[in-house]
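Everything below belongs to upload_9.cif, which stores mmCIF, C-alpha atoms.
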data_model
#
loop_
_atom_site.label_atom_id
_atom_site.label_comp_id
_atom_site.auth_asym_id
_atom_site.auth_seq_id
_atom_site.Cartn_x
_atom_site.Cartn_y
_atom_site.Cartn_z
CA MET F 1 0.00 0.00 0.00
CA THR F 2 1.39 3.39 -0.97
CA ASP F 3 0.47 6.60 0.80
CA SER F 4 -1.04 8.32 -2.23
CA TYR F 5 -3.40 7.52 -5.09
CA SER F 6 -1.73 7.73 -8.47
CA ILE F 7 -2.92 10.63 -10.59
CA ASN F 8 -4.60 9.69 -13.83
CA LYS F 9 -7.14 11.05 -16.29
CA THR F 10 -10.03 10.00 -14.06
CA ASN F 11 -9.13 11.53 -10.73
CA LYS F 12 -6.94 14.45 -11.79
CA VAL F 13 -8.22 17.75 -10.40
CA ARG F 14 -8.00 20.39 -13.11
CA GLN F 15 -9.65 23.44 -11.54
CA LEU F 16 -8.17 25.08 -8.43
CA ARG F 17 -5.36 22.53 -8.48
CA GLU F 18 -3.79 24.15 -5.46
CA ASN F 19 -6.68 22.68 -3.42
CA ALA F 20 -6.16 19.14 -4.67
CA ALA F 21 -4.65 16.33 -2.64
CA TYR F 22 -4.06 12.72 -3.57
CA ASP F 23 -2.55 11.43 -0.35
CA LYS F 24 -4.53 8.85 1.55
CA ALA F 25 -4.44 10.81 4.80
CA SER F 26 -6.37 13.68 3.16
CA VAL F 27 -8.81 11.37 1.39
CA TYR F 28 -9.46 9.26 4.49
CA GLY F 29 -9.83 12.40 6.60
CA VAL F 30 -12.76 13.66 4.53
CA LEU F 31 -14.35 10.22 4.18
CA ASP F 32 -14.15 9.67 7.92
CA ALA F 33 -15.63 13.10 8.72
CA GLY F 34 -18.67 12.81 6.45
CA LEU F 35 -21.91 10.99 7.16
CA VAL F 36 -23.49 10.78 3.73
CA ALA F 37 -21.95 9.83 0.39
CA HIS F 38 -23.41 10.57 -3.01
CA VAL F 39 -23.04 7.48 -5.16
CA ALA F 40 -23.39 7.79 -8.93
CA PHE F 41 -23.84 4.98 -11.42
CA VAL F 42 -25.16 4.51 -14.93
CA GLN F 43 -28.60 3.00 -15.53
CA ASP F 44 -29.72 2.49 -19.14
CA ASP F 45 -27.06 4.95 -20.33
CA SER F 46 -28.36 7.61 -17.93
CA PRO F 47 -26.69 8.93 -14.78
CA VAL F 48 -28.25 8.34 -11.37
CA VAL F 49 -27.00 9.70 -8.05
CA VAL F 50 -28.20 8.40 -4.69
CA PRO F 51 -27.31 9.58 -1.16
CA MET F 52 -26.15 6.69 1.03
CA ILE F 53 -24.53 6.25 4.40
CA TYR F 54 -21.29 4.35 4.34
CA GLY F 55 -18.31 3.04 6.22
CA ARG F 56 -14.64 2.60 5.35
CA VAL F 57 -11.87 0.14 6.12
CA ASP F 58 -8.56 1.03 4.46
CA ASP F 59 -9.31 1.40 0.75
CA THR F 60 -12.72 -0.24 0.87
CA ILE F 61 -16.01 1.64 1.14
CA TYR F 62 -19.08 -0.26 2.30
CA LEU F 63 -22.61 0.74 1.31
CA HIS F 64 -25.93 -0.87 2.08
CA GLY F 65 -29.61 -0.71 1.34
CA ALA F 66 -32.62 -2.94 1.05
CA ARG F 67 -31.56 -6.06 -0.87
CA LYS F 68 -34.29 -5.43 -3.42
CA ALA F 69 -33.63 -1.67 -3.71
CA ARG F 70 -32.85 -0.34 -7.17
CA VAL F 71 -29.57 1.16 -6.02
CA ILE F 72 -28.34 -2.19 -4.69
CA LYS F 73 -29.44 -4.16 -7.75
CA LEU F 74 -27.79 -1.64 -10.03
CA LEU F 75 -24.58 -1.40 -8.04
CA GLU F 76 -24.47 -5.19 -8.12
CA LYS F 77 -24.67 -5.22 -11.92
CA THR F 78 -22.57 -2.21 -12.83
CA SER F 79 -18.80 -2.27 -13.24
CA ARG F 80 -18.25 1.35 -12.29
CA ALA F 81 -19.38 3.75 -9.59
CA CYS F 82 -18.30 7.23 -8.56
CA LEU F 83 -18.69 8.39 -4.98
CA ASN F 84 -18.41 11.88 -3.55
CA VAL F 85 -18.42 13.04 0.06
CA THR F 86 -18.60 16.81 0.58
CA LEU F 87 -18.69 18.85 3.76
CA LEU F 88 -19.39 22.57 3.47
CA ASP F 89 -17.37 24.71 5.86
CA GLY F 90 -18.16 28.26 4.85
CA ILE F 91 -19.41 30.84 2.39
CA VAL F 92 -16.65 33.16 1.20
CA LEU F 93 -18.03 36.64 0.55
CA ALA F 94 -15.43 38.26 -1.67
CA ARG F 95 -15.48 41.79 -3.08
CA SER F 96 -16.88 40.52 -6.39
CA ALA F 97 -19.36 37.83 -7.34
CA PHE F 98 -16.64 36.22 -9.45
CA ASN F 99 -14.32 35.64 -6.51
CA SER F 100 -17.01 34.63 -4.04
CA SER F 101 -16.83 30.92 -3.28
CA MET F 102 -17.22 28.21 -0.67
CA GLN F 103 -14.99 26.58 1.89
CA TYR F 104 -15.33 22.82 1.72
CA ARG F 105 -13.80 19.41 2.16
CA SER F 106 -14.60 17.05 -0.68
CA VAL F 107 -13.48 13.64 -1.90
CA THR F 108 -14.33 11.98 -5.19
CA LEU F 109 -13.44 8.35 -5.77
CA PHE F 110 -13.99 5.70 -8.39
CA GLY F 111 -14.21 1.95 -8.18
CA ALA F 112 -15.92 -1.25 -9.23
CA PRO F 113 -18.81 -2.11 -6.89
CA GLN F 114 -19.22 -5.72 -5.81
CA ILE F 115 -22.04 -7.27 -3.88
CA ILE F 116 -21.15 -9.13 -0.70
CA THR F 117 -23.07 -12.37 -0.32
CA GLY F 118 -21.74 -14.36 2.65
CA ASN F 119 -23.66 -13.90 5.90
CA ASP F 120 -20.57 -13.30 8.05
CA GLU F 121 -18.92 -11.01 5.52
CA LYS F 122 -22.14 -9.01 5.24
CA LEU F 123 -22.36 -8.70 9.00
CA ARG F 124 -18.78 -7.43 9.19
CA ALA F 125 -19.54 -4.78 6.57
CA MET F 126 -22.84 -3.81 8.21
CA ARG F 127 -20.94 -3.32 11.43
CA VAL F 128 -18.45 -1.03 9.69
CA ILE F 129 -21.28 1.11 8.29
CA SER F 130 -23.03 1.23 11.67
CA GLU F 131 -19.83 2.16 13.50
CA HIS F 132 -19.18 5.01 11.09
CA SER F 133 -22.20 7.03 12.20
CA MET F 134 -22.88 5.37 15.58
CA PRO F 135 -19.50 4.36 17.03
CA GLY F 136 -19.85 1.69 19.71
CA ARG F 137 -23.55 1.13 19.12
CA TRP F 138 -23.31 -2.21 17.29
CA ASP F 139 -22.13 -4.11 20.37
CA GLU F 140 -24.92 -2.86 22.62
CA LEU F 141 -27.68 -3.86 20.20
CA ARG F 142 -29.13 -7.34 19.87
CA ASP F 143 -27.66 -9.61 17.19
CA SER F 144 -29.05 -9.13 13.70
CA HIS F 145 -31.60 -11.74 12.73
CA GLU F 146 -30.65 -13.93 9.77
CA ARG F 147 -33.72 -12.60 7.98
CA GLU F 148 -32.51 -9.02 8.47
CA VAL F 149 -29.11 -9.81 7.00
CA LYS F 150 -30.82 -11.47 4.03
CA MET F 151 -33.00 -8.41 3.50
CA THR F 152 -29.93 -6.16 3.48
CA GLY F 153 -27.91 -5.66 0.32
CA VAL F 154 -24.27 -4.84 1.04
CA ILE F 155 -21.92 -3.38 -1.54
CA GLN F 156 -18.16 -3.22 -1.37
CA LEU F 157 -16.38 -0.53 -3.37
CA ASN F 158 -12.61 -0.72 -3.54
CA ILE F 159 -11.08 2.68 -4.16
CA GLU F 160 -9.29 2.50 -7.49
CA SER F 161 -8.59 6.20 -7.75
CA ALA F 162 -9.45 9.15 -5.59
CA SER F 163 -8.78 12.80 -5.01
CA ALA F 164 -9.53 15.25 -2.25
CA LYS F 165 -10.26 18.92 -2.81
CA ILE F 166 -10.11 21.07 0.27
CA SER F 167 -10.55 24.81 0.51
CA ALA F 168 -10.27 26.70 3.78
CA ALA F 169 -9.17 30.00 2.27
CA GLY F 170 -10.88 33.34 2.74
CA ALA F 171 -11.59 35.92 0.06
CA GLU F 172 -8.95 36.32 -2.61
CA ASP F 173 -9.85 39.39 -4.62
CA GLU F 174 -8.49 41.16 -7.67
CA ASP F 175 -5.86 43.71 -6.63
CA GLU F 176 -8.00 46.68 -7.67
CA ASP F 177 -11.08 45.37 -5.83
CA TYR F 178 -9.45 45.80 -2.42
CA ASP F 179 -10.17 49.53 -2.76
CA ILE F 180 -13.94 48.95 -2.94
CA PRO F 181 -15.56 49.88 0.38
CA VAL F 182 -17.64 46.71 0.65
CA TRP F 183 -17.51 44.23 3.50
CA ALA F 184 -15.81 40.91 2.76
CA GLY F 185 -15.20 37.84 4.86
CA VAL F 186 -16.44 34.39 5.65
CA LEU F 187 -19.69 32.95 6.96
CA PRO F 188 -18.70 29.67 8.61
CA ILE F 189 -20.96 26.66 8.13
CA THR F 190 -20.97 23.97 10.79
CA THR F 191 -22.74 20.64 10.85
CA THR F 192 -23.29 19.48 14.39
CA ILE F 193 -24.63 16.36 16.03
CA GLY F 194 -26.72 17.63 18.94
CA SER F 195 -28.08 16.19 22.17
CA LEU F 196 -29.90 12.90 22.64
CA GLN F 197 -33.67 12.95 22.31
CA ASP F 198 -35.38 10.08 24.12
CA ASP F 199 -37.68 7.78 22.18
CA GLU F 200 -41.28 7.92 23.41
CA ARG F 201 -41.36 4.24 24.25
CA LEU F 202 -38.21 3.90 26.37
CA LEU F 203 -38.52 1.33 29.14
CA PRO F 204 -38.50 2.83 32.65
CA ASP F 205 -35.01 3.37 34.06
CA VAL F 206 -33.29 2.88 30.70
CA GLU F 207 -30.53 5.44 30.35
CA PRO F 208 -28.24 6.10 27.39
CA SER F 209 -24.93 4.24 27.66
CA ASP F 210 -21.60 6.04 27.77
CA VAL F 211 -21.09 5.02 24.16
CA VAL F 212 -24.32 6.73 23.10
CA LYS F 213 -23.63 9.79 25.22
CA ALA F 214 -20.24 10.15 23.54
CA MET F 215 -21.96 10.58 20.15
CA GLN F 216 -23.47 13.90 21.25
CA ASN F 217 -22.34 17.46 20.66
CA ARG F 218 -19.84 16.77 17.94
CA THR F 219 -19.04 18.86 14.89
CA LEU F 220 -18.38 17.05 11.63
CA MET R 1 -47.75 24.32 -14.64
CA THR R 2 -49.17 21.57 -12.46
CA ASP R 3 -48.45 21.29 -8.78
CA SER R 4 -46.82 17.86 -8.94
CA TYR R 5 -44.30 15.98 -11.06
CA SER R 6 -45.79 13.00 -12.82
CA ILE R 7 -44.57 9.68 -11.50
CA ASN R 8 -42.69 7.53 -13.99
CA LYS R 9 -40.06 4.81 -14.06
CA THR R 10 -37.26 7.33 -13.56
CA ASN R 11 -38.39 9.25 -10.50
CA LYS R 12 -40.59 6.69 -8.77
CA VAL R 13 -39.49 6.06 -5.19
CA ARG R 14 -39.65 2.33 -4.49
CA GLN R 15 -38.18 2.01 -1.01
CA LEU R 16 -39.87 3.64 1.99
CA ARG R 17 -42.59 4.94 -0.31
CA GLU R 18 -44.37 6.51 2.62
CA ASN R 19 -41.56 9.10 2.68
CA ALA R 20 -41.91 10.00 -0.99
CA ALA R 21 -43.45 13.20 -2.30
CA TYR R 22 -43.87 14.40 -5.85
CA ASP R 23 -45.51 17.75 -5.24
CA LYS R 24 -43.57 20.82 -6.24
CA ALA R 25 -43.89 22.44 -2.82
CA SER R 26 -41.97 19.55 -1.23
CA VAL R 27 -39.36 19.42 -4.00
CA TYR R 28 -38.82 23.18 -4.01
CA GLY R 29 -38.65 23.22 -0.21
CA VAL R 30 -35.65 20.89 -0.14
CA LEU R 31 -33.95 22.54 -3.12
CA ASP R 32 -34.33 25.96 -1.53
CA ALA R 33 -33.01 24.77 1.84
CA GLY R 34 -29.84 23.12 0.52
CA LEU R 35 -26.59 24.81 -0.43
CA VAL R 36 -24.82 22.11 -2.41
CA ALA R 37 -26.15 19.81 -5.12
CA HIS R 38 -24.52 16.61 -6.30
CA VAL R 39 -24.69 16.52 -10.08
CA ALA R 40 -24.15 13.22 -11.88
CA PHE R 41 -23.48 12.72 -15.57
CA VAL R 42 -21.96 10.09 -17.82
CA GLN R 43 -18.46 10.52 -19.21
CA ASP R 44 -17.13 7.82 -21.57
CA ASP R 45 -19.80 5.40 -20.31
CA SER R 46 -18.71 5.97 -16.71
CA PRO R 47 -20.57 7.82 -13.97
CA VAL R 48 -19.18 11.02 -12.50
CA VAL R 49 -20.65 13.00 -9.60
CA VAL R 50 -19.59 16.55 -8.78
CA PRO R 51 -20.70 18.81 -5.90
CA MET R 52 -21.89 22.20 -7.16
CA ILE R 53 -23.68 25.21 -5.76
CA TYR R 54 -26.86 26.11 -7.55
CA GLY R 55 -29.91 28.32 -7.77
CA ARG R 56 -33.49 27.72 -8.81
CA VAL R 57 -36.25 29.65 -10.58
CA ASP R 58 -39.49 27.68 -10.93
CA ASP R 59 -38.55 24.40 -12.63
CA THR R 60 -35.10 25.51 -13.74
CA ILE R 61 -31.89 24.79 -11.86
CA TYR R 62 -28.82 26.89 -12.64
CA LEU R 63 -25.27 25.62 -12.16
CA HIS R 64 -21.96 27.24 -12.90
CA GLY R 65 -18.24 26.63 -12.97
CA ALA R 66 -15.17 27.72 -14.82
CA ARG R 67 -16.02 27.81 -18.54
CA LYS R 68 -13.17 25.41 -19.27
CA ALA R 69 -13.94 23.08 -16.34
CA ARG R 70 -14.57 19.44 -17.18
CA VAL R 71 -17.95 19.48 -15.47
CA ILE R 72 -19.15 22.40 -17.60
CA LYS R 73 -17.83 20.97 -20.86
CA LEU R 74 -19.44 17.63 -20.11
CA LEU R 75 -22.75 19.06 -18.98
CA GLU R 76 -22.75 21.09 -22.19
CA LYS R 77 -22.33 17.95 -24.28
CA THR R 78 -24.48 15.48 -22.40
CA SER R 79 -28.21 15.05 -22.87
CA ARG R 80 -28.91 13.83 -19.37
CA ALA R 81 -28.00 14.78 -15.82
CA CYS R 82 -29.23 13.69 -12.41
CA LEU R 83 -29.06 16.04 -9.46
CA ASN R 84 -29.53 15.31 -5.77
CA VAL R 85 -29.74 17.66 -2.81
CA THR R 86 -29.70 16.03 0.62
CA LEU R 87 -29.84 17.56 4.08
CA LEU R 88 -29.23 15.28 7.05
CA ASP R 89 -31.44 16.03 10.04
CA GLY R 90 -30.71 13.25 12.49
CA ILE R 91 -29.40 9.81 13.35
CA VAL R 92 -32.15 7.46 14.49
CA LEU R 93 -30.84 5.03 17.10
CA ALA R 94 -33.36 2.21 17.10
CA ARG R 95 -33.34 -0.91 19.26
CA SER R 96 -31.73 -2.93 16.46
CA ALA R 97 -29.13 -2.15 13.82
CA PHE R 98 -31.68 -3.11 11.17
CA ASN R 99 -34.14 -0.40 12.18
CA SER R 100 -31.55 2.29 12.84
CA SER R 101 -31.67 4.96 10.16
CA MET R 102 -31.34 8.65 9.36
CA GLN R 103 -33.66 11.62 9.29
CA TYR R 104 -33.20 13.56 6.08
CA ARG R 105 -34.66 15.77 3.39
CA SER R 106 -33.62 14.73 -0.09
CA VAL R 107 -34.59 15.56 -3.67
CA THR R 108 -33.51 13.76 -6.82
CA LEU R 109 -34.27 15.26 -10.20
CA PHE R 110 -33.50 14.55 -13.83
CA GLY R 111 -33.19 16.81 -16.83
CA ALA R 112 -31.33 17.75 -19.98
CA PRO R 113 -28.55 20.26 -19.25
CA GLN R 114 -28.09 23.15 -21.65
CA ILE R 115 -25.33 25.70 -21.71
CA ILE R 116 -26.33 29.36 -21.56
CA THR R 117 -24.35 31.50 -23.95
CA GLY R 118 -25.77 35.04 -24.04
CA ASN R 119 -24.04 37.55 -21.76
CA ASP R 120 -27.26 38.92 -20.24
CA GLU R 121 -28.84 35.51 -19.83
CA LYS R 122 -25.67 34.25 -18.14
CA LEU R 123 -25.66 37.23 -15.79
CA ARG R 124 -29.28 36.57 -14.82
CA ALA R 125 -28.46 32.95 -14.03
CA MET R 126 -25.28 33.88 -12.14
CA ARG R 127 -27.36 36.25 -10.06
CA VAL R 128 -29.82 33.46 -9.24
CA ILE R 129 -26.99 31.20 -8.08
CA SER R 130 -25.43 34.00 -6.03
CA GLU R 131 -28.74 34.91 -4.41
CA HIS R 132 -29.35 31.31 -3.40
CA SER R 133 -26.44 31.21 -0.94
CA MET R 134 -25.91 34.96 -0.43
CA PRO R 135 -29.33 36.62 -0.66
CA GLY R 136 -29.05 40.35 -1.39
CA ARG R 137 -25.31 40.27 -1.98
CA TRP R 138 -25.35 40.58 -5.78
CA ASP R 139 -26.63 44.16 -5.74
CA GLU R 140 -24.01 45.43 -3.32
CA LEU R 141 -21.10 44.03 -5.33
CA ARG R 142 -19.53 45.72 -8.34
CA ASP R 143 -20.78 44.70 -11.77
CA SER R 144 -19.22 41.57 -13.21
CA HIS R 145 -16.54 42.27 -15.80
CA GLU R 146 -17.27 40.98 -19.30
CA ARG R 147 -14.15 38.84 -19.00
CA GLU R 148 -15.50 37.24 -15.81
CA VAL R 149 -18.79 36.36 -17.46
CA LYS R 150 -16.86 34.85 -20.39
CA MET R 151 -14.75 32.78 -18.00
CA THR R 152 -17.88 31.44 -16.30
CA GLY R 153 -19.74 28.47 -17.73
CA VAL R 154 -23.43 28.52 -16.86
CA ILE R 155 -25.70 25.50 -17.19
CA GLN R 156 -29.46 25.44 -17.17
CA LEU R 157 -31.20 22.25 -16.12
CA ASN R 158 -34.96 22.11 -16.57
CA ILE R 159 -36.55 19.67 -14.16
CA GLU R 160 -38.15 16.93 -16.25
CA SER R 161 -38.94 14.66 -13.34
CA ALA R 162 -38.28 14.85 -9.65
CA SER R 163 -39.08 13.30 -6.32
CA ALA R 164 -38.56 14.27 -2.72
CA LYS R 165 -37.90 11.80 0.06
CA ILE R 166 -38.28 13.17 3.55
CA SER R 167 -37.96 11.32 6.82
CA ALA R 168 -38.48 12.99 10.18
CA ALA R 169 -39.59 9.87 12.04
CA GLY R 170 -38.01 8.48 15.17
CA ALA R 171 -37.23 4.84 15.89
CA GLU R 172 -39.73 2.31 14.62
CA ASP R 173 -38.81 -1.03 16.11
CA GLU R 174 -40.05 -4.59 15.84
CA ASP R 175 -42.81 -5.21 18.40
CA GLU R 176 -40.71 -7.65 20.41
CA ASP R 177 -37.69 -5.30 20.50
CA TYR R 178 -39.51 -2.74 22.65
CA ASP R 179 -38.87 -5.07 25.59
CA ILE R 180 -35.09 -4.80 25.23
CA PRO R 181 -33.68 -2.49 27.92
CA VAL R 182 -31.54 -0.46 25.54
CA TRP R 183 -31.74 3.28 25.03
CA ALA R 184 -33.31 4.46 21.76
CA GLY R 185 -33.95 7.88 20.32
CA VAL R 186 -32.64 10.48 17.95
CA LEU R 187 -29.42 12.46 17.65
CA PRO R 188 -30.40 15.62 15.76
CA ILE R 189 -28.04 16.94 13.11
CA THR R 190 -28.09 20.64 12.33
CA THR R 191 -26.24 22.58 9.69
CA THR R 192 -25.84 26.19 10.69
CA ILE R 193 -24.49 29.32 9.07
CA GLY R 194 -22.61 31.10 11.84
CA SER R 195 -21.39 34.63 12.49
CA LEU R 196 -19.50 36.88 10.09
CA GLN R 197 -15.72 36.68 10.15
CA ASP R 198 -14.02 39.83 8.85
CA ASP R 199 -11.56 39.56 5.99
CA GLU R 200 -8.03 40.59 6.97
CA ARG R 201 -7.89 43.34 4.38
CA LEU R 202 -11.13 45.20 5.10
CA LEU R 203 -10.91 48.93 4.50
CA PRO R 204 -11.16 51.02 7.68
CA ASP R 205 -14.74 51.80 8.73
CA VAL R 206 -16.26 49.23 6.37
CA GLU R 207 -19.07 47.43 8.16
CA PRO R 208 -21.21 44.55 6.96
CA SER R 209 -24.47 45.69 5.38
CA ASP R 210 -27.86 44.70 6.77
CA VAL R 211 -28.14 42.24 3.90
CA VAL R 212 -24.92 40.52 4.91
CA LYS R 213 -25.80 40.57 8.60
CA ALA R 214 -29.10 38.88 7.78
CA MET R 215 -27.22 35.86 6.37
CA GLN R 216 -25.87 34.99 9.82
CA ASN R 217 -27.06 32.51 12.41
CA ARG R 218 -29.39 30.54 10.20
CA THR R 219 -30.09 26.82 10.23
CA LEU R 220 -30.52 25.09 6.88
#

With the file now loaded, output its structure as structure tokens.
Amino acid sequence: MTDSYSINKTNKVRQLRENAAYDKASVYGVLDAGLVAHVAFVQDDSPVVVPMIYGRVDDTIYLHGARKARVIKLLEKTSRACLNVTLLDGIVLARSAFNSSMQYRSVTLFGAPQIITGNDEKLRAMRVISEHSMPGRWDELRDSHEREVKMTGVIQLNIESASAKISAAGAEDEDEDYDIPVWAGVLPITTTIGSLQDDERLLPDVEPSDVVKAMQNRTL
Amino acid sequence: MTDSYSINKTNKVRQLRENAAYDKASVYGVLDAGLVAHVAFVQDDSPVVVPMIYGRVDDTIYLHGARKARVIKLLEKTSRACLNVTLLDGIVLARSAFNSSMQYRSVTLFGAPQIITGNDEKLRAMRVISEHSMPGRWDELRDSHEREVKMTGVIQLNIESASAKISAAGAEDEDEDYDIPVWAGVLPITTTIGSLQDDERLLPDVEPSDVVKAMQNRTL
């Protein structure tokens, strides 16, 4: 395993190249921070994009859905998928519309999706996806029923190529625009996981575990 | 103009149908709340998905990028694009992994992208995109230079079919699982636009306008 993805026609960032990164630390950092991926594939020569939760182990992304869902059946059949995870971090209000922009962390990756069929292998992948958004939760829940595993379609996507594009810069204006007496700056955008809200049907005396409490009040 | 998109093979929601909506009010509501769209298209028989900011007028979505950017050149050439806007609203911690899920607002739409070439028409579309994330800002900025408009590629995407999928429900568990003494509930997710951060090179005595101040402290 090398520490970077090789740059090729597919993953090469052409615009704002100074924001591009191909090292695995940058790519993994964005993938591990996000909660939702946008997965694109081709159906009958037409593009389709579907939001999905996911998990990652090394260079493998795991996705799931209902076994009979269109997205699972199509990912099973197709030889190519593209996945993007984007987190917005701010709106950059420059001194011109042209130089106004966003702050963001974004990863785009490509790979060949494969369906996972074995019960144990599916369970391992389902655990990875669960742990991504609910770390520690899997072990405090009851075991999955065999029927539930059968009803779940699990897709494995090995990262063949990937790039990150990260912008944390403020306004960068044309030299002459700095003389315009207009306010400029950044409006930060934050995505936050808040505080636990009890289900209406909690059993008496049931409290959230330490694992669940630790999921609260976190910024992505 | 009717008030709903007709349901066909392309936009029909098959999973969790009870969360599906095809009325324009629901679709517009999600599109107007989001800041980033994921736009998918086909390049050399392979899927590509790109995050883009956008704006909307009635059933037309506007997108932009550098005129020479791959995404603009491909959207110009392709006859078909798929666009998704998703906002995450919560993590639903059910009493089983199988019933754990997310709260979200999501719209998927399909259309034929067209490039906009006229200077005035481009400017109108660029204004729509700008107003979507920075309402009121366009009029307080200097006019766009002709060169800037030329360097900007603007794409128009008329919504041919669309669906919204919205879930705000809490945990819905199997009857027998309600007896398990495990905590269940929701972890809300909020995306917030925060407070203005001054650019380092502000002119003395320049203050943010009321329009800019009004962009602060807003939840998507």

Evaluated on this file, the PyMOL selection byres ((chain R and resi 185-187) around 12) picks out some residues - which ones are they, written as a PyMOL selection string? (chain F and resi 133-134+192-203+206-208+212-218) or (chain R and resi 88-96+99-103+168-173+182-184+188-190)

Report the residues retrieved by the PyMOL selection byres ((chain R and resi 49-59) around 6) from the displayed file, expressed as number ranges by chain. F: 40; R: 36-40, 48, 60-63, 128-129, 132, 158-159

One residue among F:Asp23, F:Asp45, F:Asp177, F:Asp210 is nearest to Ser144 in chain R when using all atoms listed in the file, and that residue is F:Asp177

Output check: residues returned by the PyMOL selection byres ((chain R and resi 163) around 10), as a PyMOL selection string: chain R and resi 4-7+10-13+20-24+26-27+84+106-110+161-162+164-166

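Shortest atom-to-atom contact with chain R among F:Asp175, F:Asp3, F:Asp143, F:Glu76: F:Asp143, counting all atoms listed in the file.
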
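Nearest-residue note for Ser167 in chain F: choosing from F:Ala97, F:Met126, F:Leu87, F:Ile155, the minimum distance belongs to F:Leu87, counting all atoms listed in the file.
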
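One finds CA of Thr152 in chain F at 14.2 Å from CA of Gln114 in chain F.
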
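Pairwise distance (CA of Leu74 in chain R, CA of Ser46 in chain F) equals 13.6 Å.
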
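Of the listed residues R:Asn8, R:Ser130, R:Thr2, R:Thr117, the one whose atoms come nearest to Gln156 in chain R is R:Thr117, with distances taken using all atoms listed in the file.
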
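Note that CA of Ile116 in chain F and CA of Val154 in chain F are 5.6 Å apart.
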
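Distances from R:Gly29, R:Phe98, R:Val211, R:Thr78 to chain F were compared using only C-alpha atoms, and the smallest one belongs to R:Phe98.
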